[in-house]
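Quick look at start15.pdb (PDB, C-alpha atoms):
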ATOM      1  CA  MET A1281      30.699   9.208  22.313
ATOM      2  CA  SER A1282      27.144   9.316  23.626
ATOM      3  CA  ILE A1283      26.751   5.897  25.299
ATOM      4  CA  ILE A1284      28.972   3.573  27.326
ATOM      5  CA  GLY A1285      26.900   0.542  28.206
ATOM      6  CA  TYR A1286      27.208  -2.558  30.348
ATOM      7  CA  HIS A1287      26.572  -6.000  28.865
ATOM      8  CA  ALA A1288      24.827  -8.507  31.126
ATOM      9  CA  SER A1289      25.721 -12.080  30.171
ATOM     10  CA  HIS A1290      22.986 -14.505  31.213
ATOM     11  CA  GLU A1291      25.149 -17.458  30.150
ATOM     12  CA  GLN A1292      27.703 -16.701  32.860
ATOM     13  CA  VAL A1293      25.985 -15.100  35.830
ATOM     14  CA  ASP A1294      22.804 -16.146  37.619
ATOM     15  CA  PRO A1295      19.883 -13.686  37.294
ATOM     16  CA  ALA A1296      19.835 -12.501  40.925
ATOM     17  CA  THR A1297      23.555 -11.720  40.912
ATOM     18  CA  LEU A1298      23.302 -10.138  37.469
ATOM     19  CA  LEU A1299      20.528  -7.849  38.684
ATOM     20  CA  LYS A1300      22.747  -6.615  41.511
ATOM     21  CA  ALA A1301      25.570  -6.119  39.019
ATOM     22  CA  VAL A1302      23.565  -3.943  36.672
ATOM     23  CA  VAL A1303      22.408  -1.770  39.596
ATOM     24  CA  CYS A1304      26.069  -1.336  40.559
ATOM     25  CA  ALA A1305      26.952  -0.575  36.941
ATOM     26  CA  GLU A1306      24.509   2.329  36.857
ATOM     27  CA  LYS A1307      25.938   3.717  40.107
ATOM     28  CA  ALA A1308      29.450   3.368  38.667
ATOM     29  CA  GLY A1309      28.579   5.562  35.692
ATOM     30  CA  PHE A1310      27.487   3.247  32.885
ATOM     31  CA  ASP A1311      24.883   4.974  30.701
ATOM     32  CA  ALA A1312      22.947   1.952  29.430
ATOM     33  CA  ALA A1313      22.795  -1.823  29.457
ATOM     34  CA  MET A1314      22.045  -4.732  27.182
ATOM     35  CA  CYS A1315      21.791  -8.468  27.690
ATOM     36  CA  SER A1316      21.953 -11.772  25.874
ATOM     37  CA  ASP A1317      18.963 -14.098  25.417
ATOM     38  CA  HIS A1318      20.134 -17.727  25.522
ATOM     39  CA  PHE A1319      18.557 -21.050  26.360
ATOM     40  CA  ALA A1320      21.960 -22.598  27.056
ATOM     41  CA  PRO A1321      25.474 -21.345  27.790
ATOM     42  CA  TRP A1322      28.325 -21.640  25.319
ATOM     43  CA  SER A1323      30.283 -23.854  27.714
ATOM     44  CA  GLU A1324      29.597 -26.037  30.712
ATOM     45  CA  ARG A1325      32.122 -23.850  32.561
ATOM     46  CA  GLN A1326      29.819 -20.862  32.161
ATOM     47  CA  GLY A1327      27.000 -22.811  33.744
ATOM     48  CA  GLN A1328      24.014 -20.417  33.611
ATOM     49  CA  SER A1329      21.212 -19.344  31.293
ATOM     50  CA  GLY A1330      18.413 -17.379  32.924
ATOM     51  CA  PHE A1331      15.340 -16.228  30.993
ATOM     52  CA  ALA A1332      16.180 -12.754  29.726
ATOM     53  CA  TRP A1333      12.609 -11.474  29.476
ATOM     54  CA  SER A1334      11.787 -12.106  33.144
ATOM     55  CA  TRP A1335      15.037 -10.431  34.135
ATOM     56  CA  LEU A1336      14.513  -7.391  31.893
ATOM     57  CA  GLY A1337      11.354  -6.324  33.714
ATOM     58  CA  ALA A1338      13.189  -6.453  37.036
ATOM     59  CA  ALA A1339      16.291  -4.689  35.656
ATOM     60  CA  LEU A1340      14.311  -1.880  34.049
ATOM     61  CA  HIS A1341      12.439  -1.359  37.319
ATOM     62  CA  ALA A1342      15.591  -1.466  39.461
ATOM     63  CA  THR A1343      17.512   1.091  37.363
ATOM     64  CA  SER A1344      16.858   4.100  35.157
ATOM     65  CA  LEU A1345      19.044   2.767  32.342
ATOM     66  CA  PRO A1346      17.872   2.112  28.784
ATOM     67  CA  PHE A1347      18.101  -1.602  27.996
ATOM     68  CA  GLY A1348      18.455  -3.772  24.930
ATOM     69  CA  VAL A1349      18.257  -7.502  24.348
ATOM     70  CA  VAL A1350      19.666  -9.634  21.537
ATOM     71  CA  ASN A1351      16.888 -11.877  20.244
ATOM     72  CA  ALA A1352      16.273 -14.344  17.400
ATOM     73  CA  PRO A1353      12.578 -14.637  16.536
ATOM     74  CA  GLY A1354      11.395 -17.370  14.196
ATOM     75  CA  GLN A1355      12.094 -20.764  15.771
ATOM     76  CA  ARG A1356      12.409 -20.800  19.558
ATOM     77  CA  TYR A1357      10.247 -17.662  19.713
ATOM     78  CA  HIS A1358       7.172 -16.854  17.665
ATOM     79  CA  PRO A1359       7.403 -13.245  16.399
ATOM     80  CA  ALA A1360       3.966 -12.346  17.811
ATOM     81  CA  ILE A1361       5.114 -13.378  21.292
ATOM     82  CA  ILE A1362       8.308 -11.328  21.034
ATOM     83  CA  ALA A1363       6.276  -8.368  19.757
ATOM     84  CA  GLN A1364       3.955  -8.703  22.752
ATOM     85  CA  ALA A1365       6.882  -8.966  25.180
ATOM     86  CA  GLY A1366       8.630  -5.954  23.655
ATOM     87  CA  ALA A1367       5.446  -3.886  23.544
ATOM     88  CA  THR A1368       4.755  -4.579  27.210
ATOM     89  CA  LEU A1369       8.225  -3.503  28.337
ATOM     90  CA  ALA A1370       8.084  -0.410  26.120
ATOM     91  CA  GLN A1371       4.675   0.509  27.561
ATOM     92  CA  MET A1372       5.912   0.205  31.153
ATOM     93  CA  PHE A1373       9.270   1.890  30.518
ATOM     94  CA  PRO A1374       8.774   4.377  27.649
ATOM     95  CA  GLY A1375      11.822   5.105  25.520
ATOM     96  CA  ARG A1376      14.071   2.723  27.450
ATOM     97  CA  PHE A1377      13.821  -0.603  25.641
ATOM     98  CA  TRP A1378      15.136  -1.863  22.303
ATOM     99  CA  MET A1379      15.633  -5.224  20.627
ATOM    100  CA  ALA A1380      18.571  -6.353  18.512
ATOM    101  CA  LEU A1381      17.340  -9.007  16.101
ATOM    102  CA  GLY A1382      19.425 -11.717  14.470
ATOM    103  CA  SER A1383      18.953 -15.032  12.723
ATOM    104  CA  GLY A1384      20.058 -17.037  15.755
ATOM    105  CA  GLU A1385      22.297 -19.961  16.638
ATOM    106  CA  ALA A1386      21.507 -23.656  16.743
ATOM    107  CA  ALA A1387      22.760 -23.752  20.343
ATOM    108  CA  ASN A1388      19.522 -22.065  21.390
ATOM    109  CA  GLU A1389      17.083 -22.915  18.615
ATOM    110  CA  HIS A1390      17.549 -26.697  18.331
ATOM    111  CA  ILE A1391      15.420 -27.213  21.464
ATOM    112  CA  THR A1392      12.196 -26.996  19.421
ATOM    113  CA  GLY A1393      13.140 -30.146  17.518
ATOM    114  CA  ASP A1394      12.618 -28.337  14.216
ATOM    115  CA  ARG A1395      15.288 -28.558  11.525
ATOM    116  CA  TRP A1396      17.972 -25.871  11.737
ATOM    117  CA  PRO A1397      17.780 -24.144   8.334
ATOM    118  CA  GLU A1398      20.638 -22.802   6.244
ATOM    119  CA  LYS A1399      21.696 -19.187   6.682
ATOM    120  CA  ALA A1400      19.804 -17.814   3.662
ATOM    121  CA  VAL A1401      16.565 -19.344   4.929
ATOM    122  CA  ARG A1402      17.206 -18.044   8.439
ATOM    123  CA  ASN A1403      17.663 -14.538   7.080
ATOM    124  CA  ALA A1404      14.462 -14.816   5.056
ATOM    125  CA  ARG A1405      12.625 -16.064   8.129
ATOM    126  CA  LEU A1406      13.959 -13.167  10.174
ATOM    127  CA  GLY A1407      12.765 -10.752   7.480
ATOM    128  CA  GLU A1408       9.254 -12.185   7.749
ATOM    129  CA  CYS A1409       9.370 -11.897  11.547
ATOM    130  CA  ILE A1410      10.392  -8.248  11.342
ATOM    131  CA  LYS A1411       7.513  -7.482   8.972
ATOM    132  CA  VAL A1412       5.033  -9.224  11.273
ATOM    133  CA  MET A1413       6.357  -7.440  14.355
ATOM    134  CA  ARG A1414       6.202  -4.003  12.770
ATOM    135  CA  GLN A1415       2.628  -4.637  11.661
ATOM    136  CA  LEU A1416       1.689  -5.691  15.182
ATOM    137  CA  PHE A1417       3.342  -2.614  16.694
ATOM    138  CA  ALA A1418       1.269  -0.527  14.278
ATOM    139  CA  GLY A1419      -1.941  -2.018  15.668
ATOM    140  CA  GLU A1420      -2.785  -4.227  12.724
ATOM    141  CA  THR A1421      -4.431  -7.621  12.932
ATOM    142  CA  VAL A1422      -1.893  -9.879  11.267
ATOM    143  CA  THR A1423      -2.308 -13.102   9.318
ATOM    144  CA  HIS A1424       0.818 -14.390   7.622
ATOM    145  CA  HIS A1425       1.667 -17.627   5.822
ATOM    146  CA  GLY A1426       5.310 -18.233   5.035
ATOM    147  CA  LEU A1427       8.388 -19.441   6.870
ATOM    148  CA  VAL A1428       6.502 -18.327   9.976
ATOM    149  CA  ARG A1429       2.734 -18.568  10.355
ATOM    150  CA  VAL A1430       0.513 -16.062  12.118
ATOM    151  CA  ASP A1431      -3.271 -16.246  12.474
ATOM    152  CA  ARG A1432      -5.228 -13.055  13.239
ATOM    153  CA  ALA A1433      -2.796 -11.767  15.852
ATOM    154  CA  LYS A1434      -3.302  -8.319  17.372
ATOM    155  CA  LEU A1435      -1.471  -6.540  20.172
ATOM    156  CA  TRP A1436      -4.043  -5.152  22.590
ATOM    157  CA  THR A1437      -1.452  -3.454  24.791
ATOM    158  CA  ARG A1438       0.845  -1.217  22.808
ATOM    159  CA  PRO A1439       3.239   1.568  23.815
ATOM    160  CA  GLU A1440       2.975   5.082  22.417
ATOM    161  CA  ALA A1441       6.219   4.417  20.545
ATOM    162  CA  PRO A1442       7.327   0.878  19.639
ATOM    163  CA  PRO A1443      10.743  -0.381  20.708
ATOM    164  CA  SER A1444      13.526   0.153  18.203
ATOM    165  CA  LEU A1445      14.429  -2.908  16.158
ATOM    166  CA  ILE A1446      18.213  -2.953  15.869
ATOM    167  CA  GLY A1447      20.026  -5.160  13.366
ATOM    168  CA  ALA A1448      22.601  -7.566  14.809
ATOM    169  CA  ALA A1449      25.379  -8.219  12.275
ATOM    170  CA  VAL A1450      28.940  -9.571  12.328
ATOM    171  CA  SER A1451      29.636  -9.424   8.584
ATOM    172  CA  PRO A1452      29.517  -6.614   6.002
ATOM    173  CA  GLN A1453      26.926  -8.541   3.963
ATOM    174  CA  THR A1454      24.495  -8.850   6.857
ATOM    175  CA  ALA A1455      25.110  -5.224   7.833
ATOM    176  CA  ASN A1456      24.168  -4.104   4.327
ATOM    177  CA  TRP A1457      20.938  -6.111   4.510
ATOM    178  CA  ALA A1458      20.117  -4.726   7.964
ATOM    179  CA  GLY A1459      20.483  -1.192   6.653
ATOM    180  CA  GLY A1460      17.258  -1.688   4.729
ATOM    181  CA  TRP A1461      15.055  -2.580   7.706
ATOM    182  CA  ALA A1462      16.781  -1.823  11.009
ATOM    183  CA  ASP A1463      16.511   1.260  13.224
ATOM    184  CA  GLY A1464      20.212   0.907  14.019
ATOM    185  CA  LEU A1465      23.051  -1.614  14.047
ATOM    186  CA  ILE A1466      24.967  -3.516  16.697
ATOM    187  CA  THR A1467      28.080  -5.538  15.973
ATOM    188  CA  ILE A1468      31.047  -6.970  17.870
ATOM    189  CA  ASN A1469      34.639  -5.851  18.086
ATOM    190  CA  GLN A1470      36.733  -7.006  15.112
ATOM    191  CA  PRO A1471      39.801  -5.667  13.287
ATOM    192  CA  HIS A1472      39.358  -2.008  12.407
ATOM    193  CA  ASP A1473      39.257  -2.633   8.657
ATOM    194  CA  THR A1474      36.417  -5.126   9.102
ATOM    195  CA  LEU A1475      34.518  -2.778  11.401
ATOM    196  CA  LYS A1476      34.851   0.026   8.865
ATOM    197  CA  GLN A1477      33.461  -2.284   6.179
ATOM    198  CA  ILE A1478      30.521  -3.237   8.382
ATOM    199  CA  ILE A1479      29.748   0.404   9.144
ATOM    200  CA  ASP A1480      30.071   1.437   5.488
ATOM    201  CA  GLU A1481      27.858  -1.411   4.290
ATOM    202  CA  PHE A1482      25.180  -0.589   6.852
ATOM    203  CA  ARG A1483      25.173   3.041   5.730
ATOM    204  CA  THR A1484      25.148   2.055   2.045
ATOM    205  CA  GLY A1485      22.313  -0.410   2.597
ATOM    206  CA  GLY A1486      20.002   2.245   4.004
ATOM    207  CA  GLY A1487      21.346   2.906   7.495
ATOM    208  CA  GLU A1488      22.561   6.461   6.932
ATOM    209  CA  GLY A1489      21.882   8.549  10.033
ATOM    210  CA  LYS A1490      20.949   5.556  12.193
ATOM    211  CA  PRO A1491      22.899   4.705  15.361
ATOM    212  CA  ILE A1492      25.653   2.088  15.427
ATOM    213  CA  TYR A1493      26.685   0.274  18.580
ATOM    214  CA  LEU A1494      29.663  -1.960  19.266
ATOM    215  CA  GLN A1495      29.863  -4.749  21.820
ATOM    216  CA  VAL A1496      33.381  -5.301  23.150
ATOM    217  CA  HIS A1497      34.381  -8.494  24.962
ATOM    218  CA  LEU A1498      37.108  -7.739  27.489
ATOM    219  CA  SER A1499      38.873  -9.278  30.451
ATOM    220  CA  TYR A1500      40.167  -7.169  33.327
ATOM    221  CA  ALA A1501      41.969  -8.383  36.456
ATOM    222  CA  ALA A1502      44.582  -7.143  38.907
ATOM    223  CA  SER A1503      47.365  -8.975  37.057
ATOM    224  CA  ALA A1504      48.054  -9.763  33.417
ATOM    225  CA  GLU A1505      48.159 -13.487  34.132
ATOM    226  CA  GLU A1506      44.783 -13.480  35.869
ATOM    227  CA  ALA A1507      43.167 -11.451  33.066
ATOM    228  CA  VAL A1508      44.342 -14.004  30.502
ATOM    229  CA  GLU A1509      43.227 -16.903  32.691
ATOM    230  CA  ILE A1510      39.719 -15.432  33.053
ATOM    231  CA  ALA A1511      39.380 -14.999  29.298
ATOM    232  CA  PHE A1512      40.680 -18.503  28.623
ATOM    233  CA  ASP A1513      38.431 -20.168  31.207
ATOM    234  CA  GLN A1514      35.216 -18.384  30.326
ATOM    235  CA  TRP A1515      35.480 -17.393  26.666
ATOM    236  CA  ARG A1516      37.599 -19.897  24.766
ATOM    237  CA  SER A1517      34.421 -21.597  23.544
ATOM    238  CA  ASN A1518      33.406 -18.292  21.934
ATOM    239  CA  VAL A1519      36.359 -17.652  19.646
ATOM    240  CA  PHE A1520      34.980 -19.453  16.592
ATOM    241  CA  SER A1521      33.766 -17.629  13.511
ATOM    242  CA  PRO A1522      30.615 -18.539  11.556
ATOM    243  CA  PRO A1523      29.436 -21.055  10.554
ATOM    244  CA  VAL A1524      30.893 -22.995  13.511
ATOM    245  CA  CYS A1525      29.319 -20.753  16.146
ATOM    246  CA  TRP A1526      25.996 -20.814  14.270
ATOM    247  CA  ASP A1527      25.693 -24.559  13.835
ATOM    248  CA  LEU A1528      26.994 -26.355  16.939
ATOM    249  CA  GLU A1529      24.149 -27.422  19.208
ATOM    250  CA  LEU A1530      25.296 -28.234  22.750
ATOM    251  CA  PRO A1531      27.698 -26.726  25.312
ATOM    252  CA  GLU A1532      29.739 -29.918  25.219
ATOM    253  CA  HIS A1533      30.148 -29.475  21.452
ATOM    254  CA  PHE A1534      31.677 -26.038  22.007
ATOM    255  CA  ASP A1535      33.862 -27.396  24.792
ATOM    256  CA  GLU A1536      35.098 -30.160  22.516
ATOM    257  CA  VAL A1537      36.077 -27.884  19.632
ATOM    258  CA  SER A1538      37.787 -25.468  22.038
ATOM    259  CA  ARG A1539      40.154 -28.120  23.415
ATOM    260  CA  PHE A1540      42.949 -26.895  21.154
ATOM    261  CA  VAL A1541      42.479 -23.160  21.781
ATOM    262  CA  ARG A1542      45.568 -21.692  23.450
ATOM    263  CA  LYS A1543      45.716 -18.871  25.964
ATOM    264  CA  GLU A1544      47.574 -16.700  23.495
ATOM    265  CA  ASP A1545      44.729 -17.174  20.993
ATOM    266  CA  MET A1546      42.325 -15.293  23.265
ATOM    267  CA  HIS A1547      43.737 -11.885  22.379
ATOM    268  CA  ALA A1548      42.144 -12.060  18.923
ATOM    269  CA  SER A1549      38.633 -12.146  20.421
ATOM    270  CA  VAL A1550      38.947 -10.498  23.831
ATOM    271  CA  LEU A1551      40.570  -7.236  24.854
ATOM    272  CA  ILE A1552      42.741  -8.428  27.756
ATOM    273  CA  SER A1553      44.688  -6.272  30.191
ATOM    274  CA  HIS A1554      45.327  -5.478  33.859
ATOM    275  CA  GLU A1555      45.950  -1.809  33.048
ATOM    276  CA  PRO A1556      42.931   0.523  32.982
ATOM    277  CA  SER A1557      44.871   2.924  30.766
ATOM    278  CA  ARG A1558      45.114   0.227  28.098
ATOM    279  CA  PHE A1559      41.325  -0.012  27.971
ATOM    280  CA  VAL A1560      41.034   3.777  27.787
ATOM    281  CA  ASP A1561      43.335   3.864  24.773
ATOM    282  CA  VAL A1562      41.810   0.972  22.825
ATOM    283  CA  LEU A1563      38.180   1.814  23.570
ATOM    284  CA  GLY A1564      38.871   5.431  22.695
ATOM    285  CA  GLU A1565      40.215   4.322  19.307
ATOM    286  CA  LEU A1566      37.085   2.253  18.704
ATOM    287  CA  ALA A1567      34.904   5.203  19.585
ATOM    288  CA  SER A1568      36.524   7.171  16.761
ATOM    289  CA  LEU A1569      35.058   4.772  14.155
ATOM    290  CA  ASP A1570      31.721   6.589  13.830
ATOM    291  CA  ILE A1571      30.323   4.576  16.740
ATOM    292  CA  ASP A1572      27.398   5.909  18.788
ATOM    293  CA  GLY A1573      27.981   3.681  21.785
ATOM    294  CA  LEU A1574      30.114   0.907  23.249
ATOM    295  CA  TYR A1575      28.687  -1.960  25.293
ATOM    296  CA  LEU A1576      31.395  -3.487  27.471
ATOM    297  CA  HIS A1577      31.281  -7.172  28.392
ATOM    298  CA  HIS A1578      33.732  -8.369  31.018
ATOM    299  CA  VAL A1579      33.904 -12.070  30.228
ATOM    300  CA  GLY A1580      34.584 -13.116  33.818
ATOM    301  CA  GLN A1581      31.859 -14.400  36.103
ATOM    302  CA  GLN A1582      32.892 -12.033  38.906
ATOM    303  CA  GLN A1583      31.759  -8.578  37.807
ATOM    304  CA  GLN A1584      32.314  -6.274  40.780
ATOM    305  CA  ALA A1585      36.018  -5.506  40.352
ATOM    306  CA  PHE A1586      35.442  -4.722  36.673
ATOM    307  CA  ILE A1587      32.509  -2.418  37.449
ATOM    308  CA  ASP A1588      34.321  -0.581  40.246
ATOM    309  CA  THR A1589      37.614  -0.146  38.381
ATOM    310  CA  PHE A1590      36.020   0.966  35.133
ATOM    311  CA  GLY A1591      33.742   3.358  37.001
ATOM    312  CA  GLU A1592      36.718   5.019  38.653
ATOM    313  CA  ARG A1593      39.487   4.757  36.067
ATOM    314  CA  VAL A1594      38.063   4.114  32.582
ATOM    315  CA  LEU A1595      34.611   5.615  32.080
ATOM    316  CA  PRO A1596      35.560   9.192  33.101
ATOM    317  CA  HIS A1597      38.297   9.231  30.438
ATOM    318  CA  LEU A1598      36.103   7.693  27.729
ATOM    319  CA  LYS A1599      33.346  10.197  28.317
ATOM    320  CA  GLY A1600      35.833  12.913  27.479
ATOM    321  CA  HIS A1601      36.195  11.590  23.888
TER     322      HIS A1601
END
Mind turning this structure into C-alpha cells?
Amino acid sequence: MSIIGYHASHEQVDPATLLKAVVCAEKAGFDAAMCSDHFAPWSERQGQSGFAWSWLGAALHATSLPFGVVNAPGQRYHPAIIAQAGATLAQMFPGRFWMALGSGEAANEHITGDRWPEKAVRNARLGECIKVMRQLFAGETVTHHGLVRVDRAKLWTRPEAPPSLIGAAVSPQTANWAGGWADGLITINQPHDTLKQIIDEFRTGGGEGKPIYLQVHLSYAASAEEAVEIAFDQWRSNVFSPPVCWDLELPEHFDEVSRFVRKEDMHASVLISHEPSRFVDVLGELASLDIDGLYLHHVGQQQQAFIDTFGERVLPHLKGH
C-alpha cells in the first residue's frame, strides 16, 4: 500500500484543534490527509462545521502532507469559485492538493434556498461543473448555459498542473460513471463484495490504471465499551444509506431518525475495537483489494489517543503490506 492517510472531520472538531491534530498525524507517520467540506454537522452532538477552504491553506502550510477535500460544486458552490480555490492551493502547494467531487447532500446544499433536485439531475449538474472546471484549469474563458450558468469566466492564477479531480462514489453505478471523467476514485468502507463491485465498475467505466482510495470510519479507545460508546455517540446519525443521507436537511432531522439506532448496529458502519492488532488485520485485508490508499477517520472528537496509538502500533505494520 502506498498511502495511509488521516481524515480530518470538520463536523466534529473545531478548526484550530483539527489543525493541531493533522500536524500530530504527520509526526505520527500518516502519509497524507483529507477533509470534509460541510456547512452543518450530521448531528447536534457533533457540534462543529468550520470552513474547509480556509483551513486547507493553513494545514498545507503547517505540514508537508498532500491533502484532499470532498466537495460538491453546483448549488452551494459555483464551479468557477471552486476552480479558483483549487487552482490557488495547487499553485501555492504544487502536487499536494486534490479534490473529490460528488453530487452533494441536502444537509449542506439546502442553505441556498434553491430546490434540491433528484439524483439524476444532481449527477448531470456535477458533470457540467466538471466540464467547466477542466476548461478553466486549461486557461479557457468559459461561458456555459445549462444546469449551472457561467459568464466569461477565466482563471488568471493557475498552477503548472491542475489539481486532480477524484470521483466520490458509494455505489457501483456511480463508480462506473466516475470512471469516464475522474482522475481517480474514493469510496467508503463497505462489505468486501460491494467494494469489489465498485472497484470493478470504476475500472470498466474508464478508470483503468487510475488510483483508488478508501475512507474507513473507525472507533478506537482503551476499552471495548468506550470504543462502542464513542461510535454510538458521534456516528449513529451517519449509518443511513442513500437516499436518506442525501435528502435530510437539518442536524435535528438526522438526530430524530437515529433515535432507534442501537449500539450493536454501529459495527456495520464503523470498525470498532480497543485492540490495535484488530485494526492491523482488518485494514490489511482492505488494502489487498487493489486499493492505493486508506484514509482513516476516527469518529471520536478526541483525536490524540487515536493518532498516538496508530502511529506506534498500527501504521508500522500496515506499511509492511
Review point. Quick one: which residues end up in the PyMOL selection byres ((chain A and resi 1308) around 10) for this structure, as a list in words?
Key: Val1302, Val1303, Cys1304, Ala1305, Glu1306, Lys1307, Gly1309, Phe1310, Asp1311, Ile1587, Asp1588, Thr1589, Phe1590, Gly1591, Glu1592 and Leu1595 of chain A
Any chance you can output those residues with C-alpha atoms as a short mmCIF file (atom, residue, chain, number, x, y, z; two decimals), in the frame of the given file?
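Final output, out.cif:
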data_model
loop_
_atom_site.label_atom_id
_atom_site.label_comp_id
_atom_site.auth_asym_id
_atom_site.auth_seq_id
_atom_site.Cartn_x
_atom_site.Cartn_y
_atom_site.Cartn_z
CA VAL A 1302 23.56 -3.94 36.67
CA VAL A 1303 22.41 -1.77 39.60
CA CYS A 1304 26.07 -1.34 40.56
CA ALA A 1305 26.95 -0.57 36.94
CA GLU A 1306 24.51 2.33 36.86
CA LYS A 1307 25.94 3.72 40.11
CA GLY A 1309 28.58 5.56 35.69
CA PHE A 1310 27.49 3.25 32.88
CA ASP A 1311 24.88 4.97 30.70
CA ILE A 1587 32.51 -2.42 37.45
CA ASP A 1588 34.32 -0.58 40.25
CA THR A 1589 37.61 -0.15 38.38
CA PHE A 1590 36.02 0.97 35.13
CA GLY A 1591 33.74 3.36 37.00
CA GLU A 1592 36.72 5.02 38.65
CA LEU A 1595 34.61 5.62 32.08
#
With the cut-off set at 8 Å and counting only C-alpha atoms, tabulate each residue of region 1417-1451 of chain A with an atom at most that distance from an atom of region 1395-1408 of chain A, showing the nearest atom pair and its distance in Å to one decimal, ordered by chain and increasing number, as CSV.
residue,atom,partner,partner_atom,distance
A:Gly1426,CA,A:Glu1408,CA,7.7
A:Leu1427,CA,A:Arg1405,CA,5.6
A:Val1428,CA,A:Arg1405,CA,6.8
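If you apply the PyMOL selection byres ((chain A and resi 1561-1578) around 6) to this structure, you end up with Met1281, Ser1282, Ile1283, Ile1284, Gly1285, Tyr1286, His1287, Pro1491, Ile1492, Tyr1493, Leu1494, Gln1495, Val1496, His1497, Leu1498, Ser1499, Arg1558, Phe1559, Val1560, Val1579 and Gly1580 of chain A.
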**Study point:** Which of A:Ala1288, A:Pro1346, A:Gln1371, A:Leu1598 sits closest to Ala1332 (chain A) [using only C-alpha atoms]
**Key:** A:Ala1288
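For the residues A:Val1541, A:Glu1529, A:Thr1484, A:Ala1441, ranking by smallest atom-to-atom distance to Ser1517 (chain A) using all atoms listed in the file places A:Val1541 first.
Proximity ranking of A:Tyr1500, A:Trp1461, A:Phe1373, A:Phe1417 relative to Ile1361 (chain A) places A:Phe1417 first, based on all atoms listed in the file.
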Exercise for review: Any chance you could resolve the PyMOL selection byres ((chain A and resi 1320) around 9) against this file and give the residues as a list in words?
Suggested key: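 Taken on the displayed file, the PyMOL selection byres ((chain A and resi 1320) around 9) yields the residues Glu1291, His1318, Phe1319, Pro1321, Trp1322, Ser1323, Gly1327, Gln1328, Ser1329, Gly1330, Ala1387, Asn1388, Leu1530 and Pro1531 of chain A.
Distance-wise, CA of Gly1464 (chain A) and CA of His1290 (chain A) end up 23.3 Å apart.
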Exercise for review: Between A:Pro1353, A:Pro1556, A:Gly1375, A:Pro1359, single out the one closest to Leu1435 (chain A), counting all atoms listed in the file.
Suggested key: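 For Leu1435 (chain A), the nearest of the candidates is A:Pro1359.
For the residues A:Val1422, A:Ala1367, A:Ala1386, A:Ile1468, ranking by smallest atom-to-atom distance to Glu1440 (chain A) using all atoms listed in the file places A:Ala1367 first.
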**Study point:** Between CA of Asn1469 (chain A) and CA of Ala1338 (chain A), distance in Å (one decimal)
**Key:**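 Interatomic distance here is 28.6 Å.
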Review point. With all atoms listed in the file as the atoms that count, which of A:Glu1324, A:Glu1481, A:Asp1431, A:Asp1545 lies nearest to Ala1455 (chain A)?
Key: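 The closest residue to Ala1455 (chain A) is A:Glu1481.
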If the box runs along x, y and z of the file and leaves 5 Å on each side of region 1554-1565 of chain A, what are its centre and edge lengths in Å, one decimal, as AutoDock Vina command-line options?
--center_x 42.1 --center_y 0.0 --center_z 26.6 --size_x 17.8 --size_y 20.9 --size_z 24.6
Point to revise | Computed interatomic separation between CA of Ala1296 (chain A) and CA of Trp1333 (chain A) (Å) | key: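 Computing the Euclidean distance for CA of Ala1296 (chain A) and CA of Trp1333 (chain A) yields 13.6 Å.
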Check your understanding: Could you name the residues that touch Gln1326 (chain A) at 8 Å or less, counting all atoms listed in the file, but leaving out those on the same chain fewer than 6 positions away, as number ranges by chain?
Key -> A: 1291-1293, 1514, 1581
